[in-house]
Structure formats: structure tokens, C-alpha cells
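my_file_23.pdb follows (PDB, N, CA and C atoms and all ligand atoms):
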ATOM      1  N   MET X   1     -13.995  10.555   3.081
ATOM      2  CA  MET X   1     -12.956   9.546   3.259
ATOM      3  C   MET X   1     -13.069   8.483   2.178
ATOM      4  N   HIS X   2     -11.962   8.165   1.604
ATOM      5  CA  HIS X   2     -11.947   7.192   0.518
ATOM      6  C   HIS X   2     -11.804   5.774   1.078
ATOM      7  N   GLN X   3     -12.531   4.856   0.497
ATOM      8  CA  GLN X   3     -12.406   3.449   0.891
ATOM      9  C   GLN X   3     -11.754   2.667  -0.238
ATOM     10  N   PHE X   4     -10.743   1.919   0.087
ATOM     11  CA  PHE X   4     -10.031   1.169  -0.950
ATOM     12  C   PHE X   4     -10.395  -0.304  -0.966
ATOM     13  N   TYR X   5     -10.720  -0.846   0.179
ATOM     14  CA  TYR X   5     -10.994  -2.272   0.324
ATOM     15  C   TYR X   5      -9.783  -3.108  -0.092
ATOM     16  N   VAL X   6      -8.844  -3.167   0.788
ATOM     17  CA  VAL X   6      -7.647  -3.983   0.568
ATOM     18  C   VAL X   6      -8.034  -5.452   0.562
ATOM     19  N   THR X   7      -7.719  -6.149  -0.521
ATOM     20  CA  THR X   7      -8.083  -7.563  -0.582
ATOM     21  C   THR X   7      -6.864  -8.483  -0.508
ATOM     22  N   ASP X   8      -5.696  -7.953  -0.819
ATOM     23  CA  ASP X   8      -4.531  -8.829  -0.779
ATOM     24  C   ASP X   8      -3.272  -8.030  -0.467
ATOM     25  N   LEU X   9      -2.393  -8.686   0.257
ATOM     26  CA  LEU X   9      -1.127  -8.072   0.622
ATOM     27  C   LEU X   9      -0.052  -9.108   0.361
ATOM     28  N   GLN X  10       0.835  -8.774  -0.553
ATOM     29  CA  GLN X  10       1.847  -9.747  -0.936
ATOM     30  C   GLN X  10       3.210  -9.161  -0.608
ATOM     31  N   GLN X  11       3.948  -9.860   0.235
ATOM     32  CA  GLN X  11       5.255  -9.355   0.631
ATOM     33  C   GLN X  11       6.220  -9.537  -0.522
ATOM     34  N   SER X  12       6.932  -8.453  -0.913
ATOM     35  CA  SER X  12       7.804  -8.631  -2.060
ATOM     36  C   SER X  12       9.278  -8.472  -1.731
ATOM     37  N   ASP X  13       9.631  -7.502  -0.943
ATOM     38  CA  ASP X  13      11.051  -7.319  -0.671
ATOM     39  C   ASP X  13      11.192  -6.860   0.767
ATOM     40  N   THR X  14      12.033  -7.540   1.506
ATOM     41  CA  THR X  14      12.062  -7.311   2.938
ATOM     42  C   THR X  14      13.491  -7.316   3.453
ATOM     43  N   ASN X  15      13.772  -6.380   4.334
ATOM     44  CA  ASN X  15      15.010  -6.445   5.092
ATOM     45  C   ASN X  15      14.627  -6.381   6.562
ATOM     46  N   GLU X  16      14.401  -7.556   7.146
ATOM     47  CA  GLU X  16      13.848  -7.587   8.494
ATOM     48  C   GLU X  16      14.779  -6.963   9.513
ATOM     49  N   LYS X  17      16.075  -7.108   9.298
ATOM     50  CA  LYS X  17      17.037  -6.536  10.245
ATOM     51  C   LYS X  17      16.856  -5.031  10.354
ATOM     52  N   LEU X  18      16.676  -4.402   9.194
ATOM     53  CA  LEU X  18      16.506  -2.951   9.194
ATOM     54  C   LEU X  18      15.049  -2.540   9.389
ATOM     55  N   GLY X  19      14.150  -3.528   9.379
ATOM     56  CA  GLY X  19      12.734  -3.220   9.535
ATOM     57  C   GLY X  19      12.098  -2.630   8.290
ATOM     58  N   HIS X  20      12.684  -2.917   7.132
ATOM     59  CA  HIS X  20      12.103  -2.410   5.891
ATOM     60  C   HIS X  20      11.301  -3.507   5.205
ATOM     61  N   PHE X  21      10.080  -3.186   4.919
ATOM     62  CA  PHE X  21       9.201  -4.150   4.260
ATOM     63  C   PHE X  21       8.595  -3.524   3.033
ATOM     64  N   GLN X  22       8.394  -4.359   2.023
ATOM     65  CA  GLN X  22       7.755  -3.885   0.814
ATOM     66  C   GLN X  22       6.608  -4.842   0.464
ATOM     67  N   PHE X  23       5.460  -4.285   0.173
ATOM     68  CA  PHE X  23       4.295  -5.109  -0.134
ATOM     69  C   PHE X  23       3.651  -4.667  -1.425
ATOM     70  N   LEU X  24       3.065  -5.636  -2.085
ATOM     71  CA  LEU X  24       2.227  -5.361  -3.233
ATOM     72  C   LEU X  24       0.787  -5.494  -2.739
ATOM     73  N   VAL X  25       0.056  -4.397  -2.829
ATOM     74  CA  VAL X  25      -1.299  -4.376  -2.281
ATOM     75  C   VAL X  25      -2.303  -4.425  -3.421
ATOM     76  N   THR X  26      -3.319  -5.255  -3.272
ATOM     77  CA  THR X  26      -4.394  -5.301  -4.261
ATOM     78  C   THR X  26      -5.676  -4.789  -3.626
ATOM     79  N   PHE X  27      -6.368  -3.902  -4.321
ATOM     80  CA  PHE X  27      -7.638  -3.378  -3.838
ATOM     81  C   PHE X  27      -8.787  -4.115  -4.523
ATOM     82  N   ALA X  28      -9.988  -3.915  -3.970
ATOM     83  CA  ALA X  28     -11.145  -4.661  -4.467
ATOM     84  C   ALA X  28     -11.426  -4.391  -5.943
ATOM     85  N   ASP X  29     -11.083  -3.205  -6.443
ATOM     86  CA  ASP X  29     -11.344  -2.913  -7.854
ATOM     87  C   ASP X  29     -10.196  -3.359  -8.761
ATOM     88  N   LYS X  30      -9.303  -4.204  -8.200
ATOM     89  CA  LYS X  30      -8.192  -4.809  -8.947
ATOM     90  C   LYS X  30      -7.028  -3.853  -9.211
ATOM     91  N   THR X  31      -7.109  -2.634  -8.729
ATOM     92  CA  THR X  31      -5.931  -1.781  -8.838
ATOM     93  C   THR X  31      -4.930  -2.227  -7.778
ATOM     94  N   LYS X  32      -3.671  -1.863  -8.013
ATOM     95  CA  LYS X  32      -2.607  -2.301  -7.124
ATOM     96  C   LYS X  32      -1.684  -1.155  -6.790
ATOM     97  N   CYS X  33      -0.975  -1.276  -5.697
ATOM     98  CA  CYS X  33       0.096  -0.325  -5.445
ATOM     99  C   CYS X  33       1.185  -1.013  -4.638
ATOM    100  N   ARG X  34       2.322  -0.372  -4.612
ATOM    101  CA  ARG X  34       3.459  -0.889  -3.871
ATOM    102  C   ARG X  34       3.614  -0.024  -2.631
ATOM    103  N   ILE X  35       3.768  -0.671  -1.498
ATOM    104  CA  ILE X  35       3.862   0.082  -0.254
ATOM    105  C   ILE X  35       5.147  -0.282   0.469
ATOM    106  N   PHE X  36       5.843   0.754   0.906
ATOM    107  CA  PHE X  36       7.057   0.551   1.682
ATOM    108  C   PHE X  36       6.748   0.858   3.137
ATOM    109  N   TYR X  37       7.032  -0.117   3.967
ATOM    110  CA  TYR X  37       6.748   0.011   5.390
ATOM    111  C   TYR X  37       8.036  -0.008   6.198
ATOM    112  N   ASP X  38       8.041   0.766   7.273
ATOM    113  CA  ASP X  38       9.071   0.617   8.297
ATOM    114  C   ASP X  38       8.411   0.017   9.524
ATOM    115  N   LYS X  39       9.072  -0.956  10.138
ATOM    116  CA  LYS X  39       8.534  -1.548  11.352
ATOM    117  C   LYS X  39       9.540  -1.307  12.467
ATOM    118  N   ASN X  40       9.154  -0.453  13.406
ATOM    119  CA  ASN X  40      10.193   0.041  14.332
ATOM    120  C   ASN X  40       9.631   0.590  15.641
ATOM    121  N   PRO X  41       8.937  -0.109  16.515
ATOM    122  CA  PRO X  41       8.408  -1.464  16.294
ATOM    123  C   PRO X  41       7.036  -1.431  15.656
ATOM    124  N   ASP X  42       6.433  -0.250  15.549
ATOM    125  CA  ASP X  42       5.107  -0.172  14.939
ATOM    126  C   ASP X  42       5.225  -0.037  13.433
ATOM    127  N   TRP X  43       4.215  -0.534  12.746
ATOM    128  CA  TRP X  43       4.174  -0.426  11.297
ATOM    129  C   TRP X  43       3.888   1.010  10.892
ATOM    130  N   LYS X  44       4.725   1.523   9.980
ATOM    131  CA  LYS X  44       4.504   2.883   9.505
ATOM    132  C   LYS X  44       4.837   2.921   8.020
ATOM    133  N   ILE X  45       3.929   3.472   7.227
ATOM    134  CA  ILE X  45       4.175   3.545   5.793
ATOM    135  C   ILE X  45       5.234   4.603   5.516
ATOM    136  N   SER X  46       6.285   4.241   4.785
ATOM    137  CA  SER X  46       7.269   5.260   4.421
ATOM    138  C   SER X  46       6.984   5.804   3.031
ATOM    139  N   SER X  47       6.426   4.991   2.146
ATOM    140  CA  SER X  47       5.959   5.547   0.881
ATOM    141  C   SER X  47       5.019   4.598   0.161
ATOM    142  N   VAL X  48       4.206   5.166  -0.700
ATOM    143  CA  VAL X  48       3.250   4.407  -1.494
ATOM    144  C   VAL X  48       3.487   4.778  -2.936
ATOM    145  N   THR X  49       3.672   3.805  -3.790
ATOM    146  CA  THR X  49       3.790   4.115  -5.212
ATOM    147  C   THR X  49       2.835   3.258  -5.999
ATOM    148  N   ARG X  50       2.347   3.806  -7.052
ATOM    149  CA  ARG X  50       1.408   3.104  -7.882
ATOM    150  C   ARG X  50       2.157   2.247  -8.886
ATOM    151  N   LEU X  51       1.563   1.126  -9.264
ATOM    152  CA  LEU X  51       2.122   0.360 -10.369
ATOM    153  C   LEU X  51       1.638   1.011 -11.650
ATOM    154  N   LEU X  52       2.548   1.385 -12.504
ATOM    155  CA  LEU X  52       2.138   2.162 -13.670
ATOM    156  C   LEU X  52       1.432   1.327 -14.736
ATOM    157  N   THR X  53       1.377   0.033 -14.508
ATOM    158  CA  THR X  53       0.667  -0.827 -15.456
ATOM    159  C   THR X  53      -0.834  -0.879 -15.174
ATOM    160  N   VAL X  54      -1.236  -0.380 -13.996
ATOM    161  CA  VAL X  54      -2.639  -0.456 -13.583
ATOM    162  C   VAL X  54      -3.142   0.961 -13.308
ATOM    163  N   PRO X  55      -4.355   1.309 -13.782
ATOM    164  CA  PRO X  55      -4.840   2.673 -13.545
ATOM    165  C   PRO X  55      -4.924   3.017 -12.059
ATOM    166  N   CYS X  56      -4.804   4.288 -11.794
ATOM    167  CA  CYS X  56      -4.859   4.784 -10.420
ATOM    168  C   CYS X  56      -6.269   4.592  -9.843
ATOM    169  N   PRO X  57      -6.387   4.114  -8.586
ATOM    170  CA  PRO X  57      -7.723   3.922  -8.000
ATOM    171  C   PRO X  57      -8.459   5.242  -7.741
ATOM    172  N   ILE X  58      -7.751   6.355  -7.715
ATOM    173  CA  ILE X  58      -8.398   7.636  -7.432
ATOM    174  C   ILE X  58      -8.756   8.367  -8.728
ATOM    175  N   CYS X  59      -7.758   8.623  -9.575
ATOM    176  CA  CYS X  59      -8.018   9.460 -10.749
ATOM    177  C   CYS X  59      -8.180   8.633 -12.023
ATOM    178  N   ARG X  60      -7.930   7.324 -11.929
ATOM    179  CA  ARG X  60      -8.133   6.412 -13.066
ATOM    180  C   ARG X  60      -7.173   6.635 -14.222
ATOM    181  N   ARG X  61      -6.139   7.411 -14.001
ATOM    182  CA  ARG X  61      -5.164   7.575 -15.073
ATOM    183  C   ARG X  61      -4.175   6.427 -15.024
ATOM    184  N   ASP X  62      -3.467   6.253 -16.121
ATOM    185  CA  ASP X  62      -2.462   5.207 -16.082
ATOM    186  C   ASP X  62      -1.071   5.774 -16.333
ATOM    187  N   TYR X  63      -0.892   7.049 -16.050
ATOM    188  CA  TYR X  63       0.459   7.562 -16.016
ATOM    189  C   TYR X  63       0.714   8.160 -14.637
ATOM    190  N   TYR X  64       1.897   8.682 -14.454
ATOM    191  CA  TYR X  64       2.306   9.045 -13.110
ATOM    192  C   TYR X  64       1.376  10.067 -12.452
ATOM    193  N   CYS X  65       0.992   9.793 -11.229
ATOM    194  CA  CYS X  65       0.253  10.757 -10.418
ATOM    195  C   CYS X  65       0.619  10.451  -8.973
ATOM    196  N   SER X  66       0.255  11.341  -8.067
ATOM    197  CA  SER X  66       0.631  11.077  -6.683
ATOM    198  C   SER X  66      -0.591  11.063  -5.782
ATOM    199  N   CYS X  67      -1.724  10.666  -6.336
ATOM    200  CA  CYS X  67      -2.976  10.616  -5.572
ATOM    201  C   CYS X  67      -2.837   9.818  -4.278
ATOM    202  N   LEU X  68      -2.192   8.666  -4.372
ATOM    203  CA  LEU X  68      -2.167   7.773  -3.213
ATOM    204  C   LEU X  68      -1.451   8.392  -2.020
ATOM    205  N   ASP X  69      -0.551   9.334  -2.284
ATOM    206  CA  ASP X  69       0.153   9.986  -1.182
ATOM    207  C   ASP X  69      -0.814  10.655  -0.209
ATOM    208  N   ARG X  70      -1.939  11.099  -0.728
ATOM    209  CA  ARG X  70      -2.905  11.785   0.134
ATOM    210  C   ARG X  70      -3.679  10.807   1.005
ATOM    211  N   PHE X  71      -3.580   9.530   0.696
ATOM    212  CA  PHE X  71      -4.415   8.555   1.391
ATOM    213  C   PHE X  71      -3.606   7.543   2.193
ATOM    214  N   THR X  72      -2.370   7.914   2.489
ATOM    215  CA  THR X  72      -1.505   7.005   3.235
ATOM    216  C   THR X  72      -2.162   6.523   4.535
ATOM    217  N   ASP X  73      -2.799   7.451   5.260
ATOM    218  CA  ASP X  73      -3.404   7.078   6.546
ATOM    219  C   ASP X  73      -4.560   6.087   6.364
ATOM    220  N   GLU X  74      -5.402   6.356   5.371
ATOM    221  CA  GLU X  74      -6.531   5.465   5.110
ATOM    222  C   GLU X  74      -6.042   4.074   4.719
ATOM    223  N   ILE X  75      -5.060   4.063   3.825
ATOM    224  CA  ILE X  75      -4.555   2.768   3.356
ATOM    225  C   ILE X  75      -3.941   1.997   4.523
ATOM    226  N   HIS X  76      -3.191   2.711   5.337
ATOM    227  CA  HIS X  76      -2.570   2.040   6.483
ATOM    228  C   HIS X  76      -3.639   1.473   7.424
ATOM    229  N   ARG X  77      -4.692   2.252   7.668
ATOM    230  CA  ARG X  77      -5.747   1.786   8.559
ATOM    231  C   ARG X  77      -6.400   0.531   7.976
ATOM    232  N   GLU X  78      -6.653   0.559   6.698
ATOM    233  CA  GLU X  78      -7.293  -0.607   6.076
ATOM    234  C   GLU X  78      -6.415  -1.845   6.135
ATOM    235  N   ILE X  79      -5.129  -1.627   5.912
ATOM    236  CA  ILE X  79      -4.219  -2.774   5.943
ATOM    237  C   ILE X  79      -4.158  -3.352   7.351
ATOM    238  N   GLN X  80      -4.102  -2.466   8.344
ATOM    239  CA  GLN X  80      -4.082  -2.962   9.725
ATOM    240  C   GLN X  80      -5.369  -3.709  10.054
ATOM    241  N   ASP X  81      -6.508  -3.135   9.650
ATOM    242  CA  ASP X  81      -7.789  -3.767   9.938
ATOM    243  C   ASP X  81      -7.939  -5.100   9.210
ATOM    244  N   SER X  82      -7.278  -5.220   8.064
ATOM    245  CA  SER X  82      -7.416  -6.438   7.282
ATOM    246  C   SER X  82      -6.722  -7.620   7.947
ATOM    247  N   GLY X  83      -5.805  -7.332   8.868
ATOM    248  CA  GLY X  83      -5.083  -8.412   9.530
ATOM    249  C   GLY X  83      -4.080  -9.098   8.618
ATOM    250  N   LEU X  84      -3.738  -8.466   7.510
ATOM    251  CA  LEU X  84      -2.845  -9.105   6.540
ATOM    252  C   LEU X  84      -1.359  -8.851   6.822
ATOM    253  N   LEU X  85      -1.063  -7.928   7.709
ATOM    254  CA  LEU X  85       0.352  -7.675   8.016
ATOM    255  C   LEU X  85       0.941  -8.870   8.757
ATOM    256  N   PRO X  86       2.186  -9.202   8.466
ATOM    257  CA  PRO X  86       2.820 -10.308   9.200
ATOM    258  C   PRO X  86       3.020  -9.935  10.669
ATOM    259  N   GLU X  87       3.183 -10.929  11.514
ATOM    260  CA  GLU X  87       3.394 -10.688  12.947
ATOM    261  C   GLU X  87       4.679  -9.933  13.199
TER     262      GLU X  87
HETATM  263 ZN    ZN W 101      -4.142   9.255  -9.531
END
Take the structure I supplied and represent it as C-alpha cells, if you would.
Ligand SMILES: [Zn+2]
Amino acid sequence: MHQFYVTDLQQSDTNEKLGHFQFLVTFADKTKCRIFYDKNPDWKISSVTRLLTVPCPICRRDYYCSCLDRFTDEIHREIQDSGLLPE
């Protein structure tokens, strides 16, 4: 199991009526990703995309890869445990 250590969650684009949330997530190693959440009523990740300006936390490349897709559950668990999600 991979550990990311979520250190920051920054809300970037939100449509609360539709329950769509977008966050910029920072991990302990300074890599970042963008996460799209649906809240209906539970938080559920709809997609995770990497910021192409920062290397991937898994494969360390800085071009397109889809590593994070395999870790959606882990990332979601960490974000929930971090208590950083809004009420
Ligand atoms: Zn990767």
C-alpha cells in the first residue's frame, strides 16, 4: 500500500448545488494533484489528475501518466483521515 501523506487540501472550483468539488492536493514530498469529488451525500472521488508541472509521486515522471488512478482509494482514505475536507 502506498502512503502519500496529504499535507494540504486547497479548494479550487466548486459547484455546491451539483455537489461537484475540485481540490488541489499537496503531498508531503511536495508533489501535487487535482482531485474531483462528488458529494452526494458522501464524498467520492470522481477523478484524479496530476499537475504536469510537478513530477508524479509514483513514477517520478513529469509527463502524462495515470499512476494516481490506481491509488484513488488510498488517496481518498488519507484525505478523509486528514480532516481537511469541508463540512
Ligand atoms: Zn506516474
Which residues are near ligand ZN 101 (chain W) in this structure, taking near to mean any atom at most 10 Å from a ligand atom and counting only C-alpha atoms and all ligand atoms? Format them as a PyMOL selection string. chain X and resi 50+55-69
Go through the shown structure with the PyMOL selection byres (((chain X and resi 22 and name CA) around 10) and not hetatm and name CA) and write out the matching residues as a PyMOL selection string.
-> chain X and resi 9-15+20-21+23-25+34-38+45-48
Produce a file of the selected residues containing N, CA and C atoms, as a PDB file, in the coordinates of the input.
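Done, and the output landed in selection31.pdb:
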ATOM      1  N   LEU X   9      -2.393  -8.686   0.257  1.00  0.00           N
ATOM      2  CA  LEU X   9      -1.127  -8.072   0.622  1.00  0.00           C
ATOM      3  C   LEU X   9      -0.052  -9.108   0.361  1.00  0.00           C
ATOM      4  N   GLN X  10       0.835  -8.774  -0.553  1.00  0.00           N
ATOM      5  CA  GLN X  10       1.847  -9.747  -0.936  1.00  0.00           C
ATOM      6  C   GLN X  10       3.210  -9.161  -0.608  1.00  0.00           C
ATOM      7  N   GLN X  11       3.948  -9.860   0.235  1.00  0.00           N
ATOM      8  CA  GLN X  11       5.255  -9.355   0.631  1.00  0.00           C
ATOM      9  C   GLN X  11       6.220  -9.537  -0.522  1.00  0.00           C
ATOM     10  N   SER X  12       6.932  -8.453  -0.913  1.00  0.00           N
ATOM     11  CA  SER X  12       7.804  -8.631  -2.060  1.00  0.00           C
ATOM     12  C   SER X  12       9.278  -8.472  -1.731  1.00  0.00           C
ATOM     13  N   ASP X  13       9.631  -7.502  -0.943  1.00  0.00           N
ATOM     14  CA  ASP X  13      11.051  -7.319  -0.671  1.00  0.00           C
ATOM     15  C   ASP X  13      11.192  -6.860   0.767  1.00  0.00           C
ATOM     16  N   THR X  14      12.033  -7.540   1.506  1.00  0.00           N
ATOM     17  CA  THR X  14      12.062  -7.311   2.938  1.00  0.00           C
ATOM     18  C   THR X  14      13.491  -7.316   3.453  1.00  0.00           C
ATOM     19  N   ASN X  15      13.772  -6.380   4.334  1.00  0.00           N
ATOM     20  CA  ASN X  15      15.010  -6.445   5.092  1.00  0.00           C
ATOM     21  C   ASN X  15      14.627  -6.381   6.562  1.00  0.00           C
ATOM     22  N   HIS X  20      12.684  -2.917   7.132  1.00  0.00           N
ATOM     23  CA  HIS X  20      12.103  -2.410   5.891  1.00  0.00           C
ATOM     24  C   HIS X  20      11.301  -3.507   5.205  1.00  0.00           C
ATOM     25  N   PHE X  21      10.080  -3.186   4.919  1.00  0.00           N
ATOM     26  CA  PHE X  21       9.201  -4.150   4.260  1.00  0.00           C
ATOM     27  C   PHE X  21       8.595  -3.524   3.033  1.00  0.00           C
ATOM     28  N   PHE X  23       5.460  -4.285   0.173  1.00  0.00           N
ATOM     29  CA  PHE X  23       4.295  -5.109  -0.134  1.00  0.00           C
ATOM     30  C   PHE X  23       3.651  -4.667  -1.425  1.00  0.00           C
ATOM     31  N   LEU X  24       3.065  -5.636  -2.085  1.00  0.00           N
ATOM     32  CA  LEU X  24       2.227  -5.361  -3.233  1.00  0.00           C
ATOM     33  C   LEU X  24       0.787  -5.494  -2.739  1.00  0.00           C
ATOM     34  N   VAL X  25       0.056  -4.397  -2.829  1.00  0.00           N
ATOM     35  CA  VAL X  25      -1.299  -4.376  -2.281  1.00  0.00           C
ATOM     36  C   VAL X  25      -2.303  -4.425  -3.421  1.00  0.00           C
ATOM     37  N   ARG X  34       2.322  -0.372  -4.612  1.00  0.00           N
ATOM     38  CA  ARG X  34       3.459  -0.889  -3.871  1.00  0.00           C
ATOM     39  C   ARG X  34       3.614  -0.024  -2.631  1.00  0.00           C
ATOM     40  N   ILE X  35       3.768  -0.671  -1.498  1.00  0.00           N
ATOM     41  CA  ILE X  35       3.862   0.082  -0.254  1.00  0.00           C
ATOM     42  C   ILE X  35       5.147  -0.282   0.469  1.00  0.00           C
ATOM     43  N   PHE X  36       5.843   0.754   0.906  1.00  0.00           N
ATOM     44  CA  PHE X  36       7.057   0.551   1.682  1.00  0.00           C
ATOM     45  C   PHE X  36       6.748   0.858   3.137  1.00  0.00           C
ATOM     46  N   TYR X  37       7.032  -0.117   3.967  1.00  0.00           N
ATOM     47  CA  TYR X  37       6.748   0.011   5.390  1.00  0.00           C
ATOM     48  C   TYR X  37       8.036  -0.008   6.198  1.00  0.00           C
ATOM     49  N   ASP X  38       8.041   0.766   7.273  1.00  0.00           N
ATOM     50  CA  ASP X  38       9.071   0.617   8.297  1.00  0.00           C
ATOM     51  C   ASP X  38       8.411   0.017   9.524  1.00  0.00           C
ATOM     52  N   ILE X  45       3.929   3.472   7.227  1.00  0.00           N
ATOM     53  CA  ILE X  45       4.175   3.545   5.793  1.00  0.00           C
ATOM     54  C   ILE X  45       5.234   4.603   5.516  1.00  0.00           C
ATOM     55  N   SER X  46       6.285   4.241   4.785  1.00  0.00           N
ATOM     56  CA  SER X  46       7.269   5.260   4.421  1.00  0.00           C
ATOM     57  C   SER X  46       6.984   5.804   3.031  1.00  0.00           C
ATOM     58  N   SER X  47       6.426   4.991   2.146  1.00  0.00           N
ATOM     59  CA  SER X  47       5.959   5.547   0.881  1.00  0.00           C
ATOM     60  C   SER X  47       5.019   4.598   0.161  1.00  0.00           C
ATOM     61  N   VAL X  48       4.206   5.166  -0.700  1.00  0.00           N
ATOM     62  CA  VAL X  48       3.250   4.407  -1.494  1.00  0.00           C
ATOM     63  C   VAL X  48       3.487   4.778  -2.936  1.00  0.00           C
TER      64      VAL X  48
END
Atom pair atom C of X:Ile79 + atom CA of X:Gln3, distance 12.5 Å
Review point. Using the chain letters and numbers from this document, which residues of chain X does DSSP assign to strand (DSSP E), as a ChimeraX atom specification?
Key: /X:6-15,20-27,32-39,43-50
- Task: To one decimal in Å, tell me the separation between atom N of X:Thr53 and atom C of X:His2.
- Result: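 These two atoms are separated by 21.2 Å.
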Practice task
Within 6 Å of X:Thr31, counting only C-alpha atoms, which residues show up once you throw out same-chain ones fewer than 3 positions away? Write them as a VMD selection string, please.
Solution key: chain X and resid 26 to 27 54
Pairwise distance, atom N of X:Asn40 with atom CA of X:Ala28, equals 27.4 Å
